[in-house]
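Colleague: The file below is model.cif, mmCIF, C-alpha atoms and all ligand atoms:
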data_final
loop_
_atom_site.label_atom_id
_atom_site.label_comp_id
_atom_site.auth_asym_id
_atom_site.auth_seq_id
_atom_site.Cartn_x
_atom_site.Cartn_y
_atom_site.Cartn_z
CA MET A 891 89.00 -329.59 17.24
CA GLU A 892 86.41 -327.53 19.04
CA LEU A 893 87.98 -325.95 22.09
CA ARG A 894 85.62 -323.34 23.50
CA VAL A 895 87.29 -321.69 26.42
CA PHE A 896 85.16 -318.60 26.98
CA GLU A 897 81.60 -317.55 26.59
CA GLU A 898 80.94 -316.39 23.05
CA ASN A 899 79.65 -313.01 24.24
CA ILE A 900 82.88 -312.26 26.12
CA ILE A 901 84.97 -312.95 23.02
CA ARG A 902 82.69 -310.66 20.97
CA GLU A 903 82.91 -307.97 23.63
CA PHE A 904 86.71 -308.22 23.63
CA GLU A 905 86.76 -307.92 19.84
CA GLY A 906 84.38 -304.96 20.05
CA TYR A 907 86.77 -303.06 22.32
CA LEU A 908 89.68 -303.67 19.96
CA LYS A 909 87.70 -302.78 16.85
CA GLY A 910 87.32 -299.19 17.95
CA ALA A 911 90.85 -298.86 19.32
CA ASN A 912 93.97 -297.19 17.95
CA LYS A 913 96.10 -297.14 21.03
CA VAL A 914 96.30 -299.31 24.14
CA ALA A 915 98.30 -299.25 27.38
CA VAL A 916 99.32 -302.60 28.82
CA PHE A 917 99.88 -302.93 32.57
CA THR A 918 101.31 -305.90 34.37
CA HIS A 919 102.24 -306.36 38.02
CA MET A 920 105.34 -305.09 39.78
CA ASN A 921 108.18 -307.52 40.49
CA PRO A 922 107.06 -309.16 37.25
CA ASP A 923 107.58 -312.89 36.75
CA GLY A 924 107.72 -314.85 33.50
CA ASP A 925 103.94 -314.92 33.20
CA ALA A 926 103.63 -311.16 33.69
CA ILE A 927 106.31 -310.26 31.14
CA GLY A 928 105.44 -313.13 28.78
CA SER A 929 101.74 -312.29 28.59
CA ALA A 930 102.39 -308.54 28.35
CA LEU A 931 104.81 -308.98 25.45
CA ALA A 932 102.54 -311.47 23.68
CA PHE A 933 99.61 -309.07 23.97
CA ASP A 934 101.77 -306.17 22.81
CA LEU A 935 102.82 -308.16 19.71
CA ALA A 936 99.20 -309.09 18.97
CA MET A 937 98.19 -305.41 19.09
CA LYS A 938 101.05 -304.21 16.88
CA ASN A 939 100.21 -306.97 14.44
CA ILE A 940 96.80 -305.36 13.85
CA ASP A 941 98.25 -301.84 13.76
CA ILE A 942 97.12 -300.83 17.22
CA GLU A 943 99.72 -298.72 19.01
CA SER A 944 100.72 -300.43 22.25
CA LYS A 945 103.10 -299.90 25.15
CA VAL A 946 103.80 -302.03 28.23
CA PHE A 947 104.22 -300.23 31.57
CA ILE A 948 105.56 -301.69 34.80
CA ALA A 949 106.05 -300.08 38.20
CA ASN A 950 109.59 -301.37 38.69
CA GLU A 951 112.12 -303.41 36.66
CA VAL A 952 112.28 -306.42 34.36
CA PRO A 953 114.30 -309.09 36.24
CA ASP A 954 117.63 -310.00 34.64
CA ALA A 955 116.47 -313.55 33.91
CA LEU A 956 113.81 -312.15 31.51
CA LYS A 957 115.77 -309.35 29.83
CA TRP A 958 116.61 -311.63 26.90
CA MET A 959 112.96 -311.65 25.80
CA GLN A 960 112.29 -309.93 22.51
CA GLY A 961 110.50 -306.64 23.25
CA ALA A 962 111.62 -306.53 26.91
CA GLU A 963 113.89 -303.59 26.09
CA SER A 964 110.92 -301.48 24.98
CA ILE A 965 108.91 -301.99 28.18
CA HIS A 966 108.47 -298.70 30.02
CA VAL A 967 110.04 -299.63 33.39
CA ASN A 968 109.83 -297.66 36.65
CA ALA A 969 106.79 -295.99 35.08
CA LYS A 970 105.97 -292.61 36.60
CA LEU A 971 102.35 -291.49 36.92
CA THR A 972 102.96 -288.41 34.75
CA ASP A 973 104.49 -290.44 31.88
CA VAL A 974 101.68 -292.97 31.90
CA LYS A 975 99.01 -290.26 32.10
CA GLU A 976 100.57 -288.49 29.12
CA TYR A 977 100.51 -291.73 27.10
CA LEU A 978 96.89 -292.32 28.13
CA GLU A 979 95.71 -288.91 26.91
CA ASP A 980 94.90 -290.29 23.46
CA ALA A 981 94.69 -293.99 24.35
CA ASP A 982 91.48 -296.01 24.07
CA ILE A 983 91.90 -298.90 26.51
CA ILE A 984 94.01 -300.03 29.46
CA VAL A 985 94.70 -303.75 29.46
CA CYS A 986 95.74 -305.38 32.74
CA LEU A 987 97.52 -308.70 32.50
CA ASP A 988 98.20 -311.22 35.30
CA PHE A 989 96.69 -309.18 38.14
CA ASN A 990 93.42 -307.50 39.05
CA GLU A 991 94.15 -305.80 42.37
CA PRO A 992 95.30 -302.16 41.87
CA GLY A 993 97.88 -302.52 44.67
CA ARG A 994 99.79 -304.97 42.47
CA VAL A 995 100.94 -302.13 40.19
CA ASP A 996 102.11 -299.92 43.04
CA GLN A 997 102.02 -296.25 42.01
CA LEU A 998 100.04 -297.04 38.84
CA GLY A 999 97.12 -298.31 40.93
CA THR A 1000 95.73 -294.77 41.25
CA ILE A 1001 95.34 -294.63 37.47
CA LEU A 1002 93.22 -297.78 37.54
CA LYS A 1003 91.00 -296.25 40.20
CA GLU A 1004 90.61 -292.85 38.53
CA THR A 1005 90.76 -293.39 34.76
CA LYS A 1006 87.75 -292.84 32.52
CA LEU A 1007 89.10 -295.33 29.98
CA PRO A 1008 87.67 -298.84 29.83
CA ILE A 1009 89.88 -301.46 31.48
CA ILE A 1010 90.19 -304.99 30.14
CA VAL A 1011 91.51 -307.41 32.77
CA ILE A 1012 92.99 -310.67 31.48
CA ASP A 1013 93.99 -312.78 34.46
CA HIS A 1014 94.00 -316.14 36.21
CA HIS A 1015 93.81 -314.92 39.81
CA PRO A 1016 90.64 -314.92 41.91
CA GLN A 1017 88.85 -311.62 41.34
CA VAL A 1018 89.33 -309.07 44.09
CA ALA A 1019 88.73 -305.81 42.24
CA SER A 1020 86.29 -304.76 39.55
CA TYR A 1021 86.56 -302.02 36.96
CA LYS A 1022 84.50 -300.38 34.26
CA GLY A 1023 85.26 -302.52 31.24
CA LEU A 1024 85.72 -306.23 30.71
CA LEU A 1025 86.94 -308.98 33.02
CA ILE A 1026 88.32 -312.06 31.31
CA ALA A 1027 89.56 -314.11 34.23
CA ASP A 1028 89.52 -317.80 34.93
CA THR A 1029 91.46 -319.43 37.77
CA SER A 1030 91.46 -322.78 36.00
CA TYR A 1031 94.23 -321.66 33.63
CA SER A 1032 97.86 -322.49 34.33
CA SER A 1033 98.91 -318.94 33.61
CA THR A 1034 97.67 -315.68 32.20
CA ALA A 1035 99.80 -316.43 29.14
CA GLU A 1036 97.83 -319.61 28.46
CA LEU A 1037 94.46 -317.91 29.00
CA LEU A 1038 95.59 -315.09 26.72
CA TYR A 1039 96.69 -317.58 24.08
CA TRP A 1040 93.22 -319.17 23.93
CA LEU A 1041 91.55 -315.76 23.94
CA LEU A 1042 93.67 -314.52 21.04
CA LYS A 1043 93.11 -317.79 19.20
CA GLU A 1044 89.35 -317.41 19.52
CA SER A 1045 89.66 -313.89 18.10
CA ASN A 1046 92.06 -314.86 15.29
CA LEU A 1047 94.75 -312.65 16.80
CA VAL A 1048 97.50 -315.23 17.37
CA VAL A 1049 100.75 -313.94 15.87
CA ARG A 1050 102.68 -316.65 14.06
CA SER A 1051 106.11 -315.43 15.05
CA MET A 1052 108.89 -316.88 17.16
CA ALA A 1053 108.81 -313.90 19.55
CA PHE A 1054 105.10 -314.45 20.19
CA ALA A 1055 105.48 -318.21 20.73
CA GLU A 1056 108.43 -317.67 23.08
CA SER A 1057 106.54 -315.08 25.12
CA VAL A 1058 103.48 -317.25 25.66
CA TYR A 1059 105.62 -320.32 26.38
CA THR A 1060 107.73 -318.42 28.92
CA GLY A 1061 104.56 -317.46 30.80
CA ILE A 1062 103.31 -321.04 30.83
CA VAL A 1063 106.60 -322.73 31.69
CA THR A 1064 107.40 -320.36 34.58
CA ASP A 1065 103.91 -320.33 36.17
CA THR A 1066 103.76 -324.15 36.07
CA GLY A 1067 107.27 -324.64 37.46
CA SER A 1068 108.20 -326.40 34.21
CA PHE A 1069 104.87 -328.27 34.18
CA ALA A 1070 105.25 -329.52 37.76
CA TYR A 1071 102.00 -327.87 38.95
CA ASN A 1072 98.97 -325.92 37.62
CA SER A 1073 99.18 -328.00 34.48
CA SER A 1074 96.90 -330.98 34.81
CA SER A 1075 94.65 -329.79 32.01
CA PRO A 1076 95.16 -331.04 28.44
CA LYS A 1077 94.44 -327.52 27.19
CA THR A 1078 97.76 -326.32 28.60
CA PHE A 1079 99.64 -328.90 26.54
CA LYS A 1080 97.47 -328.18 23.49
CA ALA A 1081 98.51 -324.54 23.72
CA VAL A 1082 102.17 -325.56 23.98
CA ALA A 1083 101.77 -327.91 21.01
CA ASP A 1084 100.33 -325.02 18.96
CA LEU A 1085 103.25 -322.80 19.98
CA LEU A 1086 105.77 -325.45 18.95
CA GLU A 1087 104.01 -325.61 15.59
CA ILE A 1088 104.34 -321.84 15.19
CA GLY A 1089 108.03 -322.50 15.84
CA PHE A 1090 110.43 -321.53 18.60
CA ASP A 1091 113.40 -323.11 20.30
CA LYS A 1092 112.01 -324.56 23.51
CA ASP A 1093 115.40 -325.68 24.83
CA ARG A 1094 116.81 -322.20 24.30
CA VAL A 1095 114.00 -320.73 26.44
CA THR A 1096 114.66 -323.31 29.20
CA ASP A 1097 118.33 -322.39 29.11
CA LEU A 1098 117.69 -318.63 29.16
CA VAL A 1099 115.07 -318.73 31.91
CA PHE A 1100 116.42 -321.43 34.23
CA GLN A 1101 120.10 -321.95 33.47
CA GLN A 1102 121.78 -318.57 33.25
CA PHE A 1103 122.17 -317.59 36.89
CA ASP A 1104 125.25 -316.20 38.59
CA ALA A 1105 127.12 -318.62 40.86
CA ASN A 1106 126.11 -316.34 43.75
CA ARG A 1107 122.45 -317.20 43.24
CA ILE A 1108 123.19 -320.91 43.65
CA ARG A 1109 125.29 -320.18 46.74
CA LEU A 1110 122.42 -318.11 48.17
CA LEU A 1111 120.11 -321.09 47.64
CA GLY A 1112 122.63 -323.37 49.37
CA HIS A 1113 122.78 -320.96 52.32
CA LEU A 1114 118.99 -320.84 52.49
CA LEU A 1115 118.61 -324.61 52.55
CA VAL A 1116 121.39 -325.25 55.07
CA ASN A 1117 120.97 -322.28 57.43
CA ARG A 1118 117.57 -320.68 56.87
CA LEU A 1119 115.10 -323.58 56.85
CA GLU A 1120 112.75 -324.25 59.78
CA VAL A 1121 110.23 -327.07 60.03
CA ILE A 1122 107.16 -326.62 62.25
CA GLU A 1123 106.88 -330.18 63.50
CA GLY A 1124 103.41 -331.67 63.80
CA TYR A 1125 101.75 -329.06 61.57
CA GLY A 1126 102.95 -330.06 58.09
CA ALA A 1127 104.53 -326.64 57.70
CA ALA A 1128 108.00 -325.30 57.09
CA TYR A 1129 109.50 -321.94 56.24
CA THR A 1130 112.64 -320.35 54.91
CA TYR A 1131 113.93 -316.79 55.17
CA LEU A 1132 116.69 -314.44 54.09
CA THR A 1133 117.93 -311.44 56.03
CA LYS A 1134 119.14 -308.22 54.41
CA GLU A 1135 122.65 -309.29 55.40
CA ASP A 1136 122.22 -312.63 53.55
CA LEU A 1137 121.11 -310.78 50.43
CA ASN A 1138 124.10 -308.43 50.54
CA ARG A 1139 126.53 -311.22 51.25
CA PHE A 1140 125.49 -313.07 48.10
CA ASN A 1141 125.11 -309.98 45.93
CA TYR A 1142 121.37 -310.41 45.52
CA LYS A 1143 119.70 -309.12 42.33
CA ALA A 1144 115.95 -308.96 41.62
CA GLY A 1145 114.74 -312.36 40.46
CA ASP A 1146 117.51 -314.34 42.21
CA THR A 1147 115.12 -315.87 44.73
CA GLU A 1148 112.54 -316.92 42.13
CA GLY A 1149 111.56 -320.52 42.87
CA PHE A 1150 113.26 -320.70 46.29
CA VAL A 1151 109.90 -320.77 48.07
CA ASN A 1152 109.04 -324.19 46.67
CA TYR A 1153 111.86 -326.25 48.17
CA PRO A 1154 110.29 -327.06 51.59
CA LEU A 1155 107.27 -328.60 49.82
CA SER A 1156 109.55 -331.44 48.78
CA ILE A 1157 109.96 -332.44 52.45
CA LYS A 1158 107.81 -335.48 53.31
CA GLY A 1159 104.67 -334.39 55.18
CA VAL A 1160 105.05 -330.66 54.48
CA THR A 1161 102.00 -329.17 52.77
CA PHE A 1162 102.41 -325.47 53.58
CA THR A 1163 105.46 -323.28 53.36
CA ALA A 1164 106.37 -319.62 53.61
CA PHE A 1165 109.45 -317.73 52.48
CA PHE A 1166 110.32 -314.43 54.20
CA ILE A 1167 112.59 -311.83 52.63
CA GLU A 1168 113.68 -308.89 54.75
CA ASN A 1169 113.37 -305.50 52.99
CA ASP A 1170 114.08 -302.00 54.31
CA ASP A 1171 110.53 -301.19 55.41
CA HIS A 1172 108.72 -304.54 55.30
CA VAL A 1173 109.10 -308.29 55.02
CA LYS A 1174 107.98 -309.76 51.70
CA ILE A 1175 106.35 -313.17 52.12
CA SER A 1176 105.61 -315.89 49.60
CA PHE A 1177 103.34 -318.80 50.45
CA ARG A 1178 102.98 -322.16 48.73
CA SER A 1179 100.81 -325.14 49.61
CA LYS A 1180 99.87 -328.59 48.38
CA GLY A 1181 96.31 -329.90 48.23
CA SER A 1182 93.51 -327.97 49.91
CA PHE A 1183 95.44 -325.69 52.29
CA PRO A 1184 94.29 -322.17 51.23
CA ALA A 1185 97.51 -320.16 51.00
CA ASN A 1186 95.59 -317.17 49.60
CA GLU A 1187 93.10 -317.14 52.50
CA PHE A 1188 95.94 -317.36 55.01
CA SER A 1189 97.76 -314.50 53.29
CA SER A 1190 94.77 -312.20 52.99
CA LYS A 1191 93.72 -312.89 56.58
CA TYR A 1192 97.07 -312.11 58.18
CA TYR A 1193 99.48 -310.59 55.66
CA HIS A 1194 97.71 -307.97 53.48
CA GLY A 1195 98.02 -310.32 50.50
CA GLY A 1196 96.30 -312.88 48.35
CA GLY A 1197 96.83 -315.00 45.26
CA HIS A 1198 95.88 -318.55 44.36
CA LEU A 1199 94.87 -321.48 46.59
CA ASN A 1200 98.37 -322.98 46.36
CA ALA A 1201 100.49 -319.88 45.64
CA ALA A 1202 100.08 -316.56 47.36
CA GLY A 1203 102.04 -313.57 48.55
CA GLY A 1204 101.81 -310.89 51.18
CA ARG A 1205 103.86 -308.68 53.47
CA SER A 1206 104.48 -307.89 57.12
CA TYR A 1207 105.47 -304.55 58.63
CA GLU A 1208 106.94 -306.10 61.77
CA PRO A 1209 110.65 -306.94 62.00
CA LEU A 1210 111.72 -310.23 60.41
CA TYR A 1211 112.14 -312.31 63.57
CA GLU A 1212 108.86 -311.08 65.11
CA THR A 1213 107.15 -311.82 61.81
CA MET A 1214 108.40 -315.39 61.83
CA GLU A 1215 107.50 -315.94 65.47
CA GLY A 1216 104.02 -314.63 64.72
CA PHE A 1217 103.83 -316.90 61.68
CA GLU A 1218 104.54 -320.03 63.74
CA LYS A 1219 101.68 -319.16 66.08
CA LEU A 1220 99.28 -318.31 63.26
CA VAL A 1221 100.04 -321.53 61.37
CA LYS A 1222 99.16 -323.57 64.46
CA GLN A 1223 96.00 -321.53 65.10
CA PHE A 1224 94.88 -321.56 61.45
CA THR A 1225 95.58 -325.30 61.03
CA ASN A 1226 93.64 -326.14 64.19
CA GLU A 1227 90.67 -324.11 62.88
CA LEU A 1228 90.66 -325.74 59.41
P1 LIG A 1301 104.97 -314.79 44.70
O1 LIG A 1301 105.13 -315.59 45.93
O2 LIG A 1301 105.56 -315.49 43.53
O3 LIG A 1301 105.38 -313.38 44.85
O4 LIG A 1301 103.41 -314.72 44.42
C1 LIG A 1301 102.64 -315.88 44.36
C2 LIG A 1301 101.26 -315.58 43.90
O5 LIG A 1301 100.62 -314.71 44.81
C3 LIG A 1301 101.21 -314.87 42.57
O6 LIG A 1301 100.15 -315.44 41.86
C4 LIG A 1301 100.96 -313.45 42.88
O7 LIG A 1301 100.21 -312.86 41.89
C5 LIG A 1301 100.23 -313.51 44.19
N1 LIG A 1301 100.65 -312.42 45.08
C6 LIG A 1301 101.92 -312.15 45.49
N2 LIG A 1301 101.94 -311.07 46.31
C7 LIG A 1301 100.66 -310.65 46.42
C8 LIG A 1301 100.01 -309.58 47.12
O8 LIG A 1301 100.63 -308.79 47.82
N3 LIG A 1301 98.66 -309.48 46.95
C9 LIG A 1301 97.96 -310.35 46.19
N4 LIG A 1301 96.64 -310.19 46.09
N5 LIG A 1301 98.52 -311.34 45.53
C10 LIG A 1301 99.84 -311.52 45.63
MN MN A 1302 100.49 -315.70 36.54
#
Turn this file's structure into structure tokens for me.
Ligand code: 5GP
Ligand code: MN

Modeller:
Amino acid sequence: MELRVFEENIIREFEGYLKGANKVAVFTHMNPDGDAIGSALAFDLAMKNIDIESKVFIANEVPDALKWMQGAESIHVNAKLTDVKEYLEDADIIVCLDFNEPGRVDQLGTILKETKLPIIVIDHHPQVASYKGLLIADTSYSSTAELLYWLLKESNLVVRSMAFAESVYTGIVTDTGSFAYNSSSPKTFKAVADLLEIGFDKDRVTDLVFQQFDANRIRLLGHLLVNRLEVIEGYGAAYTYLTKEDLNRFNYKAGDTEGFVNYPLSIKGVTFTAFFIENDDHVKISFRSKGSFPANEFSSKYYHGGGHLNAAGGRSYEPLYETMEGFEKLVKQFTNEL
């Protein structure tokens, strides 16, 4: 079946970059999720398969829930500028997966601003930054992993291995909340069907990604839902939060709160929700919405952030309780202006 997903000239340009390349550096965003790690590992496998040297760099750690992924152990974590610059000395291209804003790679952002190498961005977020190189980004895709799959397929670079299929699938299944959202397009399911034909154990991935948490993580969720949920009556909004003390009490590890943000959206009438996590020097905020409420606009307007229409993130440098008080006011103001 004919399934053209990109302009022909973009595919040819992508192939042109790879044709002349011997060595690539792959960047994905900090606090990586399944789509970040899944697409980075899939791309890394595709490069190695055509004898291009490749290495994935991230600014912090791989979350525990994704450490099982084949190749995760060879990701260069907590990447220091000097190490990355040394690797880049004889590299040909930097490939950025699942982000386009340099701030999303923390300390590595300066490299993206200063490098003379071409940068290929493969992403499904709205474009906020541009680089010298090639942008392959489309917000209509469920995940970067899915977009990458179709790109590699167009270029005959799909790797028919279980590790590849698992990586792409992990990106798709996590970014769609197990096909609950971002997955109304048949092309998402066509990609998954292709991956199942390549061969991998889908139920094993479900188990490894969603069913291997510590009891403490479930208790933390219980605490959040019972004691840390506020509904802003009359505005279709609700929010949840966790203090530093909550995190310590339940032995929090990176990745434990993945998915927590979504729960208030299952309350009747709630179409916008925020989740605040207290850190040492800032409050990390996740936003989710249903329908046309622009979570990304709200986040970039007030919280130094951005993202998708229905899923965005940002941060506040005020203390947690002030941040939440401010949020209640801003929700009312923003909703009245919509
Ligand atoms: P999460 O709430 O899972 O951290 O992020 C939700 C979405 O918002 C993701 O697509 C992520 O890429 C984006 N996002 C999260 N934090 C930021 C941020 O600080 N800036 C921007 N531009 N996007 C963010
Ligand atoms: Mn993604």

Colleague: If you count all atoms listed in the file, which residues end up within 12 Å of ligand MN 1302 (chain A), as a PyMOL selection string?

Modeller: chain A and resi 918-919+921-930+986-990+1012-1016+1027-1038+1058+1060-1067+1072+1197-1198+1201-1202

Colleague: Find the residue from A:Ser1182, A:Asn1046, A:Thr1078, A:Gln1017 that sits nearest to ligand LIG 1301 (chain A); use only C-alpha atoms and all ligand atoms when measuring.

Modeller: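 With only C-alpha atoms and all ligand atoms as the atom set, the closest residue is A:Gln1017.
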
Colleague: Smallest atom-to-atom distance to Tyr907 (chain A): which of A:Ile984, A:Ala932, A:Ile1175, A:Leu1111, using all atoms listed in the file?

Modeller: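 Among the listed residues, A:Ile984 lies closest to Tyr907 (chain A).
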
Colleague: To one decimal in Å, tell me the separation between CA of Leu1098 (chain A) and CA of Ala962 (chain A).

Modeller: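 Taking CA of Leu1098 (chain A) and CA of Ala962 (chain A), their separation equals 13.7 Å.
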
Colleague: Might you pull out every residue within 7 Å of Phe1162 (chain A), with only C-alpha atoms counted and same-chain residues fewer than 3 positions away left off, and present them as a PyMOL selection string?

Modeller: chain A and resi 1126-1128+1155+1178-1180

Colleague: One decimal, in Å: what's the spacing between CA of Pro1008 (chain A) and CA of Gly1023 (chain A)?

Modeller: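 Computing it gives 4.6 Å between the two atoms.
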
Colleague: Which residues are near Met920 (chain A)? Cut-off 7 Å, all atoms listed in the file, ignore same chain within fewer than 3 positions. Put them as a ChimeraX atom specification.

Modeller: /A:948-950,994-996

Colleague: Just the residues within 8 Å of Lys1003 (chain A), please, counting all atoms listed in the file, with nothing from its chain fewer than 3 positions along; format it as a list in words.

Modeller: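 With the cut-off at 8 Å, the set is Pro992, Gly999, Thr1000 and Tyr1021 of chain A.
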
Colleague: For each of A:Gln997, A:Asn1169, A:Ser1190, A:Ser1051, take the minimum atom-to-atom distance to Lys975 (chain A), counting all atoms listed in the file, then give the residue where this is smallest.

Modeller: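 Under the stated criterion, the closest residue is A:Gln997.
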
Colleague: Hey, could you pull the box centre and edge lengths for ligand LIG 1301 (chain A), axis-aligned, 3 Å padding per side, all listed atoms, to one decimal in Å, as JSON?

Modeller:
{"center_x": 101.1, "center_y": -312.3, "center_z": 44.8, "size_x": 14.9, "size_y": 13.1, "size_z": 12.0}

Colleague: Can you work out which one of A:Phe896, A:Phe1224, A:Phe1166, A:Phe1177 has the shortest atom-to-atom distance to ligand LIG 1301 (chain A), counting only C-alpha atoms and all ligand atoms?

Modeller: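 Comparing A:Phe896, A:Phe1224, A:Phe1166, A:Phe1177 against ligand LIG 1301 (chain A), the winner is A:Phe1177.
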
Colleague: Could you pull the residues within 9 Å of Ser1020 (chain A), counting all atoms listed in the file, minus those fewer than 4 positions along the same chain, as a compact mmCIF listing (two decimals) with C-alpha atoms, in the frame of the given file?

Modeller:
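result_29.txt was written with the following content:
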# COMPACT_ATOMS: atom_id res chain seq x y z
CA ASN A 990 93.42 -307.50 39.05
CA GLU A 991 94.15 -305.80 42.37
CA VAL A 1011 91.51 -307.41 32.77
CA LEU A 1024 85.72 -306.23 30.71
CA LEU A 1025 86.94 -308.98 33.02

Colleague: Pick from A:Asp1171, A:Glu1148, A:Glu1227, A:Glu1218: nearest to ligand LIG 1301 (chain A), with only C-alpha atoms and all ligand atoms counted?

Modeller: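 When distances to ligand LIG 1301 (chain A) are compared using only C-alpha atoms and all ligand atoms, the smallest one comes from A:Glu1148.
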
Colleague: Please output region 919-931 of chain A, rebuilt to include N, CA, C and O atoms, as a PDB file, in the coordinates of the input.

Modeller:
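File produced: selection_5.pdb:
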ATOM      1  N   HIS A 919     101.918-306.642  36.618  1.00  0.00           N
ATOM      2  CA  HIS A 919     102.240-306.360  38.020  1.00  0.00           C
ATOM      3  C   HIS A 919     103.724-306.079  38.274  1.00  0.00           C
ATOM      4  O   HIS A 919     104.583-306.455  37.491  1.00  0.00           O
ATOM      5  N   MET A 920     103.958-305.394  39.404  1.00  0.00           N
ATOM      6  CA  MET A 920     105.340-305.090  39.780  1.00  0.00           C
ATOM      7  C   MET A 920     106.058-306.388  40.171  1.00  0.00           C
ATOM      8  O   MET A 920     105.413-307.423  40.357  1.00  0.00           O
ATOM      9  N   ASN A 921     107.368-306.319  40.297  1.00  0.00           N
ATOM     10  CA  ASN A 921     108.180-307.520  40.490  1.00  0.00           C
ATOM     11  C   ASN A 921     107.709-308.589  39.498  1.00  0.00           C
ATOM     12  O   ASN A 921     107.360-309.706  39.891  1.00  0.00           O
ATOM     13  N   PRO A 922     107.696-308.259  38.218  1.00  0.00           N
ATOM     14  CA  PRO A 922     107.060-309.160  37.250  1.00  0.00           C
ATOM     15  C   PRO A 922     107.799-310.494  37.139  1.00  0.00           C
ATOM     16  O   PRO A 922     109.024-310.540  37.216  1.00  0.00           O
ATOM     17  N   ASP A 923     107.013-311.561  36.976  1.00  0.00           N
ATOM     18  CA  ASP A 923     107.580-312.890  36.750  1.00  0.00           C
ATOM     19  C   ASP A 923     107.437-313.219  35.259  1.00  0.00           C
ATOM     20  O   ASP A 923     107.037-312.371  34.457  1.00  0.00           O
ATOM     21  N   GLY A 924     107.751-314.459  34.913  1.00  0.00           N
ATOM     22  CA  GLY A 924     107.720-314.850  33.500  1.00  0.00           C
ATOM     23  C   GLY A 924     106.326-314.739  32.900  1.00  0.00           C
ATOM     24  O   GLY A 924     106.170-314.412  31.714  1.00  0.00           O
ATOM     25  N   ASP A 925     105.309-314.992  33.719  1.00  0.00           N
ATOM     26  CA  ASP A 925     103.940-314.920  33.200  1.00  0.00           C
ATOM     27  C   ASP A 925     103.540-313.465  32.954  1.00  0.00           C
ATOM     28  O   ASP A 925     102.880-313.155  31.945  1.00  0.00           O
ATOM     29  N   ALA A 926     103.960-312.584  33.853  1.00  0.00           N
ATOM     30  CA  ALA A 926     103.630-311.160  33.690  1.00  0.00           C
ATOM     31  C   ALA A 926     104.290-310.610  32.411  1.00  0.00           C
ATOM     32  O   ALA A 926     103.615-310.037  31.542  1.00  0.00           O
ATOM     33  N   ILE A 927     105.588-310.801  32.301  1.00  0.00           N
ATOM     34  CA  ILE A 927     106.310-310.260  31.140  1.00  0.00           C
ATOM     35  C   ILE A 927     105.900-311.012  29.867  1.00  0.00           C
ATOM     36  O   ILE A 927     105.655-310.407  28.815  1.00  0.00           O
ATOM     37  N   GLY A 928     105.797-312.334  29.964  1.00  0.00           N
ATOM     38  CA  GLY A 928     105.440-313.130  28.780  1.00  0.00           C
ATOM     39  C   GLY A 928     104.075-312.744  28.238  1.00  0.00           C
ATOM     40  O   GLY A 928     103.908-312.523  27.035  1.00  0.00           O
ATOM     41  N   SER A 929     103.074-312.620  29.110  1.00  0.00           N
ATOM     42  CA  SER A 929     101.740-312.290  28.590  1.00  0.00           C
ATOM     43  C   SER A 929     101.688-310.843  28.112  1.00  0.00           C
ATOM     44  O   SER A 929     101.047-310.548  27.097  1.00  0.00           O
ATOM     45  N   ALA A 930     102.396-309.943  28.794  1.00  0.00           N
ATOM     46  CA  ALA A 930     102.390-308.540  28.350  1.00  0.00           C
ATOM     47  C   ALA A 930     103.028-308.414  26.963  1.00  0.00           C
ATOM     48  O   ALA A 930     102.499-307.719  26.080  1.00  0.00           O
ATOM     49  N   LEU A 931     104.146-309.088  26.758  1.00  0.00           N
ATOM     50  CA  LEU A 931     104.810-308.980  25.450  1.00  0.00           C
ATOM     51  C   LEU A 931     104.004-309.661  24.347  1.00  0.00           C
ATOM     52  O   LEU A 931     103.945-309.175  23.219  1.00  0.00           O
TER      53      LEU A 931
END
